[in-house]
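Everything below concerns the one structure shown next.
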Amino acid sequence: MLRDFSAQSLFMGALIAFVGFASSFAVVLHGLTGVGASEAQAASGLMALSISMGLCAIVISAVTRLPVSIAWSTPGAALLASSGTVEGGFNAAVGAFLVCGLLIIVAGLWKPLGRMVSSIPPALANAMLAGVLLSLCFAPVKAVAFNPLLGLPIVLAWAVVGSINRLYAVPAALLTFGLVIALGVEMPEGALAGLSAALVPRIEFVPPAFDAAAMVSIALPLFIVTMASQNIPGIAVLKVNDYHPDPGPLFATTGLFSMLSAPFGGHAVNLAAITAAMCAGSDSHPDRTRRYWSAINAGIAYIILGLLAGVVTTFVSLAPPVLIQAVAGLALIGAFSSSAMAAFKEAETREAAAITFLVTASGVSFAGVSGAFWGLVAGGLMLGLARVAKRKA
């Protein structure tokens with residue numbers, strides 16, 4: 001195994017971890033605080049997720065000798081940001097995270113559930129995701145309106161660098177965000193001391209609470225979004241690069257590591273899609289049998305970044321919340337555009353997709369259950385009615 005290690009895979013692994021962490025950690029923090037996490041709990045969740053997905057990548061890639069890239073559920077974090085705090089607070093959200101992880105395990109081991117998830121019309125799944133992402137994608141505009149001197153440089157950095165290389169657009173926005181905080185935001189007294197203290201990793205155990213509304217509002221939509229937007233596309237990317245693993249054990253393993261991170265604030269880890277292409281492609285290594293080391297090296301780098309989560313969270317907290325929300329929104333624009341395009345592509349399902357999108361994007365909760373769930377239900381009913389009418393015609 002060690003003979004397959006290479007400097008190229010080391011560089012690619014470090015790049016994968018940097019891109020994966022930098023491009024979406026803001027979304028994760030926003031999502032966790034959105035369902036009631038304190039700053040310390042959000043930092044703990046970010047740490048737990050990063051360490052968990054690093055260990056998961058190392059274990060899976062070392063055992064299978066395949067370049068299986070692991071990530072946290074970015075669409076899932078976006079879903080949390082739009083869900084709001086449920087009854088029972090963050091403890092109930094953690095209970096929902098545990099149930100979501102269990103569902104992912106069951107989907108991997110019990111094929112009927114996996115087939116059920118796969119049978120959800122892609123148009124509705126994409127419409128739900130687009131509806132979840134819409135409000136977050138407004139954040140860059142709101143940041144510019146809040147303070148052009150602070151918000152505009154972040155947006156311009158993303159746009160200019162993205163026009164050259166889309167891969168580095170969000171890291172460039174994040175770097176600009178750091179400069180804006182350092183140069184444009186007045187630091188409170190003791191800020192540097194707080195950053196120094198945050199260098200010591202601190203884990204927060206959150207006792208889970210199991211609430212029916214949280215299961216329907218968080219666990220079920222989080223499971224669907226993670227499976228439909230991350231796990232299934234992750235397998236597709238591997239197949240495109242001529243790797244053909246059995247999906248079930250991979251899903252089950254990510255579900256297990258999701259459950260391990262949940263009591264410490266982590267929502268879900270899953271197969272990666274974007275960084276999976278970096279891992280499995282020829283840039284990882286010319287010899288396809290040695291590319292798995294890129295995933296292992298990325299896992300090691302994720303663990304290191306996870307241990308610095310406290311510093312990251314403390315630094316981010318120094319800025320107005322709308323600025324980090326702007327970075328999160330910029331990171332999700334690509335996902336929003338691709339999901340919206342996929343949702344409204346087919347004329348036959350377009351109306352049902354529109355219903356799903358509008359109900360989800362409204363952000364309205366009914367009976368304590370978030371709009372994401374009701375959007376999927378409403379779209380499903382609309383699609384069912386259309387199909388019944390078509391048969392009778």
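Each chain in the structure tokens gets a letter, A, B, ..., in the order shown, and its residues are numbered from 1; ligands are numbered from 1 in order too.
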Taking 4 positions as the minimum chain separation for residues in the same chain, which residues sit within 7 Å of Gln230 (chain A) when counting only C-alpha atoms? Answer as a VMD selection string.
chain A and resid 226 234 270 to 273
Using only C-alpha atoms, what table do you get, as JSON lines, when you list each residue of region 17-86 of chain A with an atom no more than 10 Å from region 240-253 of chain A, its nearest pair of atoms, and their distance in Å rounded to one decimal, rows by chain then rising number?
{"residue": "A:Cys56", "atom": "CA", "partner": "A:Thr253", "partner_atom": "CA", "distance": 7.4}
{"residue": "A:Ala57", "atom": "CA", "partner": "A:Thr253", "partner_atom": "CA", "distance": 9.8}
{"residue": "A:Val59", "atom": "CA", "partner": "A:Thr253", "partner_atom": "CA", "distance": 9.2}
{"residue": "A:Ile60", "atom": "CA", "partner": "A:Leu250", "partner_atom": "CA", "distance": 7.5}
{"residue": "A:Thr64", "atom": "CA", "partner": "A:Pro245", "partner_atom": "CA", "distance": 8.3}
{"residue": "A:Leu66", "atom": "CA", "partner": "A:Tyr243", "partner_atom": "CA", "distance": 7.4}
{"residue": "A:Pro67", "atom": "CA", "partner": "A:Tyr243", "partner_atom": "CA", "distance": 8.6}
{"residue": "A:Val68", "atom": "CA", "partner": "A:Leu250", "partner_atom": "CA", "distance": 8.9}
Restricting it to N, CA and C atoms, dump the selection as an mmCIF file, in the first residue's frame.
data_model
loop_
_atom_site.group_PDB
_atom_site.id
_atom_site.type_symbol
_atom_site.label_atom_id
_atom_site.label_comp_id
_atom_site.auth_asym_id
_atom_site.auth_seq_id
_atom_site.Cartn_x
_atom_site.Cartn_y
_atom_site.Cartn_z
ATOM 1 N N CYS A 56 -13.516 8.703 7.695
ATOM 2 C CA CYS A 56 -14.325 7.901 6.771
ATOM 3 C C CYS A 56 -13.610 7.727 5.430
ATOM 4 N N ALA A 57 -13.033 8.811 4.915
ATOM 5 C CA ALA A 57 -12.303 8.742 3.644
ATOM 6 C C ALA A 57 -11.103 7.814 3.751
ATOM 7 N N VAL A 59 -10.651 5.268 5.891
ATOM 8 C CA VAL A 59 -11.086 3.880 6.063
ATOM 9 C C VAL A 59 -11.583 3.297 4.745
ATOM 10 N N ILE A 60 -12.515 4.003 4.084
ATOM 11 C CA ILE A 60 -13.095 3.472 2.848
ATOM 12 C C ILE A 60 -12.043 3.308 1.762
ATOM 13 N N THR A 64 -10.996 -0.302 0.233
ATOM 14 C CA THR A 64 -11.425 -0.616 -1.128
ATOM 15 C C THR A 64 -10.346 -0.360 -2.182
ATOM 16 N N LEU A 66 -9.961 2.387 -3.619
ATOM 17 C CA LEU A 66 -10.632 3.229 -4.603
ATOM 18 C C LEU A 66 -10.585 4.677 -4.125
ATOM 19 N N PRO A 67 -10.542 5.642 -5.048
ATOM 20 C CA PRO A 67 -10.454 7.058 -4.658
ATOM 21 C C PRO A 67 -11.824 7.608 -4.259
ATOM 22 N N VAL A 68 -12.288 7.246 -3.068
ATOM 23 C CA VAL A 68 -13.616 7.641 -2.597
ATOM 24 C C VAL A 68 -13.484 8.902 -1.741
#
Leu55 (chain A): which residues within 8 Å, counting only C-alpha atoms, same-chain residues fewer than 2 positions away excluded, as a PyMOL selection string?
chain A and resi 51-53+57-59+299-300+303
Selection: 12 Å around Val180 (chain A), only C-alpha atoms, excl. self and same-chain fewer than 3 positions, as a PyMOL selection string
chain A and resi 147-155+157+173-177+183-187+315-316+318-320+323-324
The distance between CA of Glu351 (chain A) and CA of Met382 (chain A) is 7.8 Å
Residue with the minimum atom-to-atom distance to Gly54 (chain A), picked from A:Gly162, A:Gly306, A:Pro221, A:Gly88 with only C-alpha atoms counted, is A:Gly306
Identify which of the residues A:Lys345, A:Ala295, A:Leu332, A:Leu376 lies closest to Val63 (chain A), counting only C-alpha atoms when measuring atom-to-atom distances.
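So, comparing all the options, the nearest one is A:Ala295.
One distance worth recording is that between CA of Ala40 (chain A) and CA of Pro140 (chain A), which is 25.4 Å.
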Of the residues A:Val170, A:Val237, A:Met1, A:Leu385, which is the one nearest to Ser61 (chain A), using only C-alpha atoms?
A:Met1
Counting only C-alpha atoms, closest pick from A:Gly45, A:Pro208, A:Gly36, A:Gly255 relative to Gly108 (chain A) is A:Gly255
Identify, with DSSP run on backbone atoms, the residues in region 80-127 of chain A assigned to alpha helix (DSSP H), and express the list as a ChimeraX atom specification.
/A:80-83,89-109,111-118,122-127
Those residues you just picked out, can you put them in a file as a compact mmCIF listing (two decimals), in the first residue's frame with N, CA, C and O atoms?
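Output contents, as saved in result_34.txt:
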# COMPACT_ATOMS: atom_id res chain seq x y z
N LEU A 80 -30.77 22.98 6.77
CA LEU A 80 -30.86 23.35 8.19
C LEU A 80 -31.02 24.86 8.34
O LEU A 80 -31.80 25.33 9.18
N ALA A 81 -30.29 25.62 7.52
CA ALA A 81 -30.36 27.08 7.61
C ALA A 81 -31.76 27.59 7.31
O ALA A 81 -32.20 28.60 7.87
N SER A 82 -32.47 26.89 6.45
CA SER A 82 -33.82 27.33 6.08
C SER A 82 -34.89 26.72 6.98
O SER A 82 -36.04 27.17 6.97
N SER A 83 -34.54 25.71 7.78
CA SER A 83 -35.53 25.02 8.62
C SER A 83 -35.90 25.82 9.86
O SER A 83 -37.06 25.81 10.30
N GLY A 89 -35.04 22.65 20.51
CA GLY A 89 -33.78 23.31 20.23
C GLY A 89 -32.76 22.41 19.53
O GLY A 89 -33.10 21.47 18.82
N PHE A 90 -31.49 22.72 19.77
CA PHE A 90 -30.42 21.99 19.08
C PHE A 90 -30.36 20.53 19.51
O PHE A 90 -29.93 19.68 18.74
N ASN A 91 -30.80 20.24 20.72
CA ASN A 91 -30.81 18.84 21.16
C ASN A 91 -31.74 18.00 20.29
O ASN A 91 -31.41 16.87 19.92
N ALA A 92 -32.90 18.57 19.92
CA ALA A 92 -33.82 17.86 19.03
C ALA A 92 -33.24 17.74 17.63
O ALA A 92 -33.43 16.71 16.96
N ALA A 93 -32.49 18.77 17.19
CA ALA A 93 -31.84 18.69 15.89
C ALA A 93 -30.80 17.57 15.87
O ALA A 93 -30.68 16.82 14.89
N VAL A 94 -30.05 17.44 16.97
CA VAL A 94 -29.04 16.37 17.06
C VAL A 94 -29.72 14.99 17.02
O VAL A 94 -29.22 14.06 16.39
N GLY A 95 -30.87 14.87 17.68
CA GLY A 95 -31.63 13.63 17.59
C GLY A 95 -32.01 13.32 16.16
O GLY A 95 -31.94 12.16 15.70
N ALA A 96 -32.39 14.36 15.40
CA ALA A 96 -32.73 14.18 13.99
C ALA A 96 -31.50 13.80 13.17
O ALA A 96 -31.59 12.99 12.24
N PHE A 97 -30.32 14.35 13.52
CA PHE A 97 -29.09 13.98 12.83
C PHE A 97 -28.80 12.48 13.00
O PHE A 97 -28.39 11.80 12.05
N LEU A 98 -29.01 11.99 14.22
CA LEU A 98 -28.79 10.57 14.49
C LEU A 98 -29.72 9.69 13.66
O LEU A 98 -29.30 8.69 13.08
N VAL A 99 -30.98 10.09 13.60
CA VAL A 99 -31.96 9.32 12.83
C VAL A 99 -31.62 9.37 11.33
O VAL A 99 -31.74 8.36 10.63
N CYS A 100 -31.17 10.52 10.85
CA CYS A 100 -30.76 10.63 9.46
C CYS A 100 -29.61 9.67 9.15
O CYS A 100 -29.62 8.96 8.14
N GLY A 101 -28.60 9.63 10.04
CA GLY A 101 -27.48 8.71 9.86
C GLY A 101 -27.95 7.26 9.84
O GLY A 101 -27.49 6.45 9.03
N LEU A 102 -28.90 6.94 10.72
CA LEU A 102 -29.44 5.58 10.76
C LEU A 102 -30.17 5.25 9.46
O LEU A 102 -30.04 4.14 8.93
N LEU A 103 -30.93 6.19 8.93
CA LEU A 103 -31.64 5.98 7.67
C LEU A 103 -30.65 5.74 6.52
O LEU A 103 -30.92 4.91 5.63
N ILE A 104 -29.54 6.46 6.53
CA ILE A 104 -28.53 6.26 5.49
C ILE A 104 -27.93 4.85 5.58
O ILE A 104 -27.70 4.18 4.56
N ILE A 105 -27.69 4.40 6.82
CA ILE A 105 -27.18 3.03 7.01
C ILE A 105 -28.19 2.01 6.47
O ILE A 105 -27.84 1.09 5.74
N VAL A 106 -29.46 2.21 6.84
CA VAL A 106 -30.51 1.28 6.39
C VAL A 106 -30.62 1.31 4.86
O VAL A 106 -30.78 0.26 4.22
N ALA A 107 -30.53 2.50 4.26
CA ALA A 107 -30.60 2.61 2.80
C ALA A 107 -29.47 1.86 2.13
O ALA A 107 -29.63 1.31 1.04
N GLY A 108 -28.30 1.83 2.81
CA GLY A 108 -27.17 1.10 2.24
C GLY A 108 -27.29 -0.40 2.40
O GLY A 108 -26.89 -1.17 1.52
N LEU A 109 -27.86 -0.84 3.53
CA LEU A 109 -27.92 -2.28 3.82
C LEU A 109 -29.22 -2.93 3.36
O LEU A 109 -29.25 -4.13 3.08
N LYS A 111 -31.94 -2.86 0.58
CA LYS A 111 -32.11 -2.35 -0.78
C LYS A 111 -33.47 -1.72 -1.06
O LYS A 111 -33.56 -0.76 -1.83
N PRO A 112 -34.58 -2.24 -0.48
CA PRO A 112 -35.86 -1.57 -0.75
C PRO A 112 -35.89 -0.08 -0.40
O PRO A 112 -36.46 0.72 -1.14
N LEU A 113 -35.26 0.29 0.73
CA LEU A 113 -35.24 1.70 1.09
C LEU A 113 -34.37 2.49 0.12
O LEU A 113 -34.72 3.61 -0.28
N GLY A 114 -33.24 1.90 -0.26
CA GLY A 114 -32.38 2.56 -1.25
C GLY A 114 -33.11 2.78 -2.56
O GLY A 114 -33.00 3.84 -3.18
N ARG A 115 -33.89 1.77 -2.99
CA ARG A 115 -34.66 1.90 -4.23
C ARG A 115 -35.76 2.95 -4.08
O ARG A 115 -36.08 3.68 -5.02
N MET A 116 -36.35 3.04 -2.87
CA MET A 116 -37.40 4.03 -2.62
C MET A 116 -36.85 5.45 -2.78
O MET A 116 -37.50 6.30 -3.38
N VAL A 117 -35.65 5.67 -2.23
CA VAL A 117 -35.04 7.00 -2.35
C VAL A 117 -34.73 7.29 -3.82
O VAL A 117 -34.97 8.39 -4.32
N SER A 118 -34.22 6.28 -4.52
CA SER A 118 -33.89 6.45 -5.94
C SER A 118 -35.12 6.70 -6.79
O SER A 118 -35.03 7.28 -7.87
N PRO A 122 -36.48 12.83 -9.86
CA PRO A 122 -35.36 13.78 -9.76
C PRO A 122 -35.80 15.24 -9.85
O PRO A 122 -35.22 16.11 -9.21
N ALA A 123 -36.86 15.50 -10.64
CA ALA A 123 -37.33 16.88 -10.78
C ALA A 123 -37.79 17.44 -9.44
O ALA A 123 -37.51 18.60 -9.10
N LEU A 124 -38.47 16.61 -8.64
CA LEU A 124 -38.96 17.08 -7.34
C LEU A 124 -37.82 17.22 -6.34
O LEU A 124 -37.79 18.19 -5.55
N ALA A 125 -36.89 16.27 -6.34
CA ALA A 125 -35.75 16.36 -5.43
C ALA A 125 -34.92 17.61 -5.73
O ALA A 125 -34.50 18.32 -4.81
N ASN A 126 -34.72 17.89 -7.02
CA ASN A 126 -33.95 19.08 -7.40
C ASN A 126 -34.72 20.36 -7.10
O ASN A 126 -34.13 21.37 -6.72
N ALA A 127 -36.05 20.31 -7.28
CA ALA A 127 -36.86 21.49 -6.98
C ALA A 127 -36.82 21.80 -5.49
O ALA A 127 -36.75 22.98 -5.09
Fewer than 3 positions away in the same chain doesn't count, so skip those; otherwise give me all residues within 8 Å of Gly20 (chain A), counting only C-alpha atoms, as a list in words.
Ile16, Ala17, Ser23, Ser24, Ala71 and Thr275 of chain A
Separation of CA of Leu29 (chain A) from CA of Ala340 (chain A), in Å and rounded to one decimal
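Result for CA of Leu29 (chain A) versus CA of Ala340 (chain A): 24.1 Å, one decimal.
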For the strand (DSSP E) assignment from backbone DSSP, which residues of region 50-270 of chain A qualify? Please present them as number ranges by chain.
A: 70-72, 269-270
All residues 8 Å or closer to Arg291 (chain A), only C-alpha atoms, same chain fewer than 5 positions away omitted, as a PDB file with N, CA and C atoms, in the first residue's frame:
ATOM      1  N   SER A   9      -0.235  12.636  -5.368  1.00  0.00           N
ATOM      2  CA  SER A   9      -1.453  12.356  -4.597  1.00  0.00           C
ATOM      3  C   SER A   9      -1.472  13.162  -3.297  1.00  0.00           C
ATOM      4  N   LEU A  66      -9.961   2.387  -3.619  1.00  0.00           N
ATOM      5  CA  LEU A  66     -10.632   3.229  -4.603  1.00  0.00           C
ATOM      6  C   LEU A  66     -10.585   4.677  -4.125  1.00  0.00           C
ATOM      7  N   PRO A  67     -10.542   5.642  -5.048  1.00  0.00           N
ATOM      8  CA  PRO A  67     -10.454   7.058  -4.658  1.00  0.00           C
ATOM      9  C   PRO A  67     -11.824   7.608  -4.259  1.00  0.00           C
ATOM     10  N   CYS A 279     -10.545  13.646  -7.130  1.00  0.00           N
ATOM     11  CA  CYS A 279      -9.906  12.456  -6.575  1.00  0.00           C
ATOM     12  C   CYS A 279      -9.732  11.361  -7.621  1.00  0.00           C
ATOM     13  N   ALA A 280     -10.789  11.155  -8.415  1.00  0.00           N
ATOM     14  CA  ALA A 280     -10.815  10.014  -9.327  1.00  0.00           C
ATOM     15  C   ALA A 280     -10.251  10.330 -10.713  1.00  0.00           C
ATOM     16  N   SER A 284      -5.147  13.345 -10.347  1.00  0.00           N
ATOM     17  CA  SER A 284      -4.811  12.732  -9.068  1.00  0.00           C
ATOM     18  C   SER A 284      -3.558  11.865  -9.194  1.00  0.00           C
ATOM     19  N   HIS A 285      -3.500  11.088 -10.271  1.00  0.00           N
ATOM     20  CA  HIS A 285      -2.307  10.285 -10.590  1.00  0.00           C
ATOM     21  C   HIS A 285      -2.529   9.623 -11.951  1.00  0.00           C
TER      22      HIS A 285
END
